[in-house]
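Notes follow the structure.
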Amino acid sequence: MSMSANQANQANRANLMRALSANERPRGPNALSAVGTFTWRAMRGTLSQLPYMAIDVVIFPIIFLLIFTFMFGGAISGSTGNYLQFLLPGMLVYTVTTMTVYIGIAIKTDIDRGVFNRFRTLPFWQPAAIIGTMLINLLSYAAALTTTIAFGLALGFRPEGGFAGAVSAMLLVILYAFSVSWIFACIGVVAKKTESITTLTYVVLYPLMFTSNVFADTSTMPDWLGRIVAYNPISLVSTAARGLMHGDAAAADLLTALAGMAVFFAAFAPLTFWLYRRKTAR
Amino acid sequence: MTGLAIEVQGLRKSFGSAEVLRGIDLKVERGRVYAILGPNGAGKTTLVSILSTLLRPDAGSVRIFGLDAVRDAGAVRSRIGLTGQFAAVDEGMSGRDNLTLFGRLTGYSVREARKRADELLEAFGLTEAGKRPAGKYSGGMRRRLDIAAAMLVTPDLLFLDEPTTGLDPRSRSEVWDIVRALAARGTTVLLTTQYLEEADQLADRLAVIDGGTVIAEGTSGELKASVGSGTVSIRLASPEQRETAGRVLRQALNAEARLHSDPAALSVPAADPLLAANALTELARAGIATTQFSLGQPSLDEVFLALTGHHAEEAKGAEGI
Ligand SMILES: Nc1ncnc2c1ncn2[C@@H]1O[C@H](COP(=O)(O)OP(=O)(O)O)[C@@H](O)[C@H]1O
Ligand SMILES: [Mg+2]
């Protein structure tokens, strides 16, 4: 009895000593493989939360499209069919804007977890931790947009720019969501509490969305309001997305929208990395 | 293997107005196990975070294998491993995926990382648990996974921050075995603990920290010589006899008795085991019945009392925990 227990102990110890003799350190991973690893990790995380994802990516887009089309359609455009033609490109913007908050929450959650400290001691390019999550989020943006467009088509939406119009509008909106995500990524790094990130959605995003031309054309508004609405970044993207979708995009509108995104990205992505690197977990 | 693994001089760190480290000096030789002993809030985690490059010192110098921990943080990181006080694993992922993730981030290929993960799971007795999410692990399993995560490349220097706090005795002895195995293969280990017994079991040398400074340093033998080698703890059959028992013990052991919150219990430091045996005889002669008798190592609190004249709990000071 005790002999075999002893032998088991010795076998354990031999295993332990063997495992502990691995001392050859590989060269640290290159940036690309670090990003790949974090994309894999984020994918895992997303798959384990699939039911919640489905709500954001399938159910919400459908519900909001239905609500806005049938509640406001008659009142705003006289008929739901006309309104849907106007609304859908804006709904693309609306749908992803609410989702951009998640990157902030994901980053904050990671920093709060003990695993953040371990990442800090490993020799990889640190921004990879954020970029991997970001890439997976882009996939979920794309999924939500696809739902919105597909359901819109079922309701009778017809993109006048055809397939190419729909795809280019979708890409533009993803690009927009990507640039806005960096604002929330940045907030996710500095936020003291996760809840404060969610609160920001209500105090910043929703007012911005409802003072945009997502739901109504600026030409129907009083002059002063129209001017505010016209310069709202969300309006800029909506206008550009509408133009692409219906094949009548003005080059100036597109350039303005793209330039706005470039500014967000150029300001907030480096700031996020810089803050992240300096961050010490409590 | 000669020279110093860790050399710290005049290390200071404050958080706002709270001075947590006020001039720490420390030397740890290569290949040794070194323990930092201190109560909750003494600054152990802060010290370990600075030594492992996670936190910047306010003043003083920290050299790890001769490298500056601030300026050469990258080079230092490639020599060290860290297992912090709180598990640094992804609770949503399985043990195996965790180790694979860290292996990839260390620079192994996917295949090598998987292989190394399996090797470590086996060595740390986690093969069966390997597929389950780390969040569902028991305290001891999580601790072992966490130590394994610091071993993807066996480090030259490993930091273990309170590796056994909150573990059951069995898990504790498993962690001790791991530390001994590491020491046997030449890894320098710096661990922090609140238990003198742990330091005594594992460490070649130890430092006691209190109020942000090192108040005692040496081998555990040296420390115990200044504190008393052990403590006689007694539970009486009837609590009314505690006062008499205290007097008898004081005479037999030539030391002050400490009364516990349990009305039937008391303890007295004993310089040597023979005297302790004698004390028991004296109690019996005085007609005092005991239900429990043990000769144990002094607790951290007793060490503190001997070294500083105050209880360990007070060492938290104004900063709180
Ligand atoms: N990031 C921080 N910000 C503010 N105070 C801190 C921080 N980290 C530690 N402290 C304070 O420093 C003291 C020492 O903490 P710590 O190093 O965790 O001690 P120990 O690990 O010995 O329990 C405590 O009073 C704690 O509240
Ligand atoms: Mg601590």
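Lettering and numbering for the structure tokens are positional, with chains as A, B, ... in the shown order, residues counted from 1 in each chain, and ligands counted from 1 in the shown order.
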All alpha helix (DSSP H) positions in region 184-226 of chain A, as a ChimeraX atom specification: /A:184-190,194-200,206-210,223-226
Export N, CA and C atoms of the chosen residues as a JSON list (two decimals), in the first residue's frame?
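Ended up saving to again-v7.json:
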[["chain", "number", "residue", "atom", "x", "y", "z"],
["A", 184, "PHE", "N", -14.66, 54.17, -27.25],
["A", 184, "PHE", "CA", -15.07, 53.36, -26.12],
["A", 184, "PHE", "C", -13.95, 52.48, -25.61],
["A", 185, "ALA", "N", -13.05, 52.06, -26.50],
["A", 185, "ALA", "CA", -11.89, 51.30, -26.06],
["A", 185, "ALA", "C", -11.10, 52.15, -25.07],
["A", 186, "CYS", "N", -10.93, 53.41, -25.44],
["A", 186, "CYS", "CA", -10.19, 54.35, -24.61],
["A", 186, "CYS", "C", -10.88, 54.52, -23.26],
["A", 187, "ILE", "N", -12.19, 54.69, -23.31],
["A", 187, "ILE", "CA", -12.96, 54.83, -22.07],
["A", 187, "ILE", "C", -12.86, 53.55, -21.23],
["A", 188, "GLY", "N", -12.88, 52.41, -21.92],
["A", 188, "GLY", "CA", -12.75, 51.14, -21.21],
["A", 188, "GLY", "C", -11.45, 51.04, -20.44],
["A", 189, "VAL", "N", -10.39, 51.61, -20.98],
["A", 189, "VAL", "CA", -9.08, 51.55, -20.30],
["A", 189, "VAL", "C", -9.07, 52.44, -19.06],
["A", 190, "VAL", "N", -9.68, 53.63, -19.17],
["A", 190, "VAL", "CA", -9.58, 54.57, -18.05],
["A", 190, "VAL", "C", -10.73, 54.46, -17.04],
["A", 194, "THR", "N", -17.28, 49.54, -14.49],
["A", 194, "THR", "CA", -17.90, 49.11, -15.74],
["A", 194, "THR", "C", -19.23, 49.83, -15.98],
["A", 195, "GLU", "N", -19.95, 50.06, -14.90],
["A", 195, "GLU", "CA", -21.28, 50.67, -15.05],
["A", 195, "GLU", "C", -21.18, 52.06, -15.67],
["A", 196, "SER", "N", -20.08, 52.76, -15.36],
["A", 196, "SER", "CA", -20.00, 54.12, -15.89],
["A", 196, "SER", "C", -19.89, 54.11, -17.41],
["A", 197, "ILE", "N", -19.37, 53.02, -17.97],
["A", 197, "ILE", "CA", -19.30, 52.93, -19.43],
["A", 197, "ILE", "C", -20.72, 52.80, -20.00],
["A", 198, "THR", "N", -21.52, 51.95, -19.36],
["A", 198, "THR", "CA", -22.89, 51.76, -19.82],
["A", 198, "THR", "C", -23.68, 53.07, -19.71],
["A", 199, "THR", "N", -23.44, 53.79, -18.61],
["A", 199, "THR", "CA", -24.15, 55.05, -18.41],
["A", 199, "THR", "C", -23.86, 56.02, -19.55],
["A", 200, "LEU", "N", -22.61, 56.02, -20.00],
["A", 200, "LEU", "CA", -22.24, 56.92, -21.09],
["A", 200, "LEU", "C", -23.10, 56.71, -22.34],
["A", 206, "TYR", "N", -27.33, 58.04, -27.00],
["A", 206, "TYR", "CA", -28.74, 58.16, -27.36],
["A", 206, "TYR", "C", -29.11, 59.58, -27.74],
["A", 207, "PRO", "N", -28.72, 60.60, -26.96],
["A", 207, "PRO", "CA", -29.01, 61.96, -27.41],
["A", 207, "PRO", "C", -28.42, 62.24, -28.79],
["A", 208, "LEU", "N", -27.20, 61.77, -29.04],
["A", 208, "LEU", "CA", -26.60, 62.00, -30.35],
["A", 208, "LEU", "C", -27.41, 61.32, -31.46],
["A", 209, "MET", "N", -27.89, 60.12, -31.17],
["A", 209, "MET", "CA", -28.61, 59.39, -32.21],
["A", 209, "MET", "C", -29.95, 60.06, -32.51],
["A", 210, "PHE", "N", -30.62, 60.57, -31.46],
["A", 210, "PHE", "CA", -31.93, 61.15, -31.70],
["A", 210, "PHE", "C", -31.86, 62.58, -32.20],
["A", 223, "ASP", "N", -34.86, 75.55, -38.80],
["A", 223, "ASP", "CA", -33.52, 75.86, -39.28],
["A", 223, "ASP", "C", -32.42, 75.58, -38.26],
["A", 224, "TRP", "N", -32.59, 76.11, -37.06],
["A", 224, "TRP", "CA", -31.53, 75.99, -36.05],
["A", 224, "TRP", "C", -31.26, 74.54, -35.71],
["A", 225, "LEU", "N", -32.34, 73.76, -35.58],
["A", 225, "LEU", "CA", -32.19, 72.35, -35.23],
["A", 225, "LEU", "C", -31.54, 71.61, -36.40],
["A", 226, "GLY", "N", -32.01, 71.94, -37.58],
["A", 226, "GLY", "CA", -31.46, 71.29, -38.77],
["A", 226, "GLY", "C", -29.95, 71.44, -38.83]]
Strand (DSSP E) per DSSP on the backbone: members of region 219-266 of chain B, as a VMD selection string: chain B and resid 230 to 236 258 to 259 265 to 266
Ligand 2 neighbours within 7 Å using only C-alpha atoms and all ligand atoms, as a list in words: Asn40, Gly41, Gly43, Lys44, Thr45, Gln85, Asp161 and Glu162 of chain B
Residue nearest Gly260 (chain A) - candidates A:Ser168, A:Thr148, A:Asn232, A:Ser140, atoms counted: only C-alpha atoms: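 Closest to Gly260 (chain A) of all the choices is A:Asn232.
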Residue neighbourhood Pro270 (chain A), 10 Å, only C-alpha atoms, exclusion window fewer than 5 positions, as an MDAnalysis selection string: chainID A and resid 127 182 186 265 275:276
Can you write out as CSV which residues of chain A fall within 8 Å of chain B, alongside each residue's closest atom pair and its distance in Å to one decimal, counting only C-alpha atoms and ordering rows by chain and ascending residue number?
residue,atom,partner,partner_atom,distance
A:Asn12,CA,B:Ala123,CA,6.6
A:Arg13,CA,B:Ala181,CA,7.7
A:Asn15,CA,B:Ala123,CA,5.0
A:Leu16,CA,B:Ala123,CA,4.5
A:Met17,CA,B:Ala181,CA,6.5
A:Ala19,CA,B:Leu120,CA,6.0
A:Leu20,CA,B:Thr154,CA,5.7
A:Ser21,CA,B:Thr154,CA,6.7
A:Ala22,CA,B:Thr154,CA,5.9
A:Asn23,CA,B:Thr154,CA,5.1
A:Glu24,CA,B:Val153,CA,6.6
A:Arg25,CA,B:Val153,CA,5.8
A:Pro26,CA,B:Gly107,CA,5.4
A:Arg27,CA,B:Gly107,CA,5.7
A:Gly28,CA,B:Gly107,CA,4.3
A:Pro29,CA,B:Gly107,CA,4.2
A:Asn30,CA,B:Gly107,CA,7.9
A:Ala34,CA,B:Leu105,CA,6.2
A:Thr37,CA,B:Arg104,CA,6.8
A:Arg41,CA,B:Leu101,CA,7.7
A:Gly45,CA,B:Gly92,CA,7.3
A:Arg113,CA,B:Ala88,CA,7.3
A:Gly114,CA,B:Ala88,CA,4.1
A:Val115,CA,B:Ala88,CA,4.1
A:Phe116,CA,B:Ala88,CA,7.1
A:Asn117,CA,B:Ala88,CA,6.5
A:Arg118,CA,B:Ala88,CA,5.8
A:Arg120,CA,B:Leu54,CA,7.1
A:Thr121,CA,B:Arg77,CA,5.9
A:Leu122,CA,B:Thr106,CA,6.1
A:Pro123,CA,B:Thr106,CA,6.2
A:Phe124,CA,B:Leu105,CA,6.0
A:Thr280,CA,B:Leu55,CA,6.9
Cut-off 10 Å, only C-alpha atoms and all ligand atoms, neighbours of ligand 1 as a ChimeraX atom specification: /A:280-282 /B:13-21,36-50,55,84-85,161-162,192-194,209-212,315-321
All residues 8 Å or closer to Gly156 (chain A), only C-alpha atoms, same chain fewer than 2 positions away omitted, as a ChimeraX atom specification: /A:81,84,152-154,158
Restrict the selected residues to N, CA, C and O atoms and save them as a compact mmCIF listing (two decimals), in the first residue's frame.
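File produced: again31.txt:
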# COMPACT_ATOMS: atom_id res chain seq x y z
N GLY A 81 -43.68 52.17 -46.52
CA GLY A 81 -42.79 51.77 -47.62
C GLY A 81 -41.78 52.87 -47.93
O GLY A 81 -40.57 52.62 -47.98
N LEU A 84 -39.33 53.32 -45.03
CA LEU A 84 -38.31 52.26 -44.93
C LEU A 84 -37.14 52.56 -45.88
O LEU A 84 -35.98 52.36 -45.53
N GLY A 152 -34.86 44.05 -43.67
CA GLY A 152 -35.39 45.20 -44.41
C GLY A 152 -35.87 44.77 -45.79
O GLY A 152 -36.96 45.14 -46.23
N LEU A 153 -35.08 43.93 -46.45
CA LEU A 153 -35.47 43.43 -47.78
C LEU A 153 -36.80 42.68 -47.68
O LEU A 153 -37.68 42.83 -48.53
N ALA A 154 -36.92 41.89 -46.61
CA ALA A 154 -38.15 41.13 -46.43
C ALA A 154 -39.35 42.06 -46.25
O ALA A 154 -40.47 41.75 -46.66
N ARG A 158 -35.82 48.33 -50.91
CA ARG A 158 -35.11 48.08 -52.16
C ARG A 158 -33.97 49.06 -52.31
O ARG A 158 -34.20 50.26 -52.54
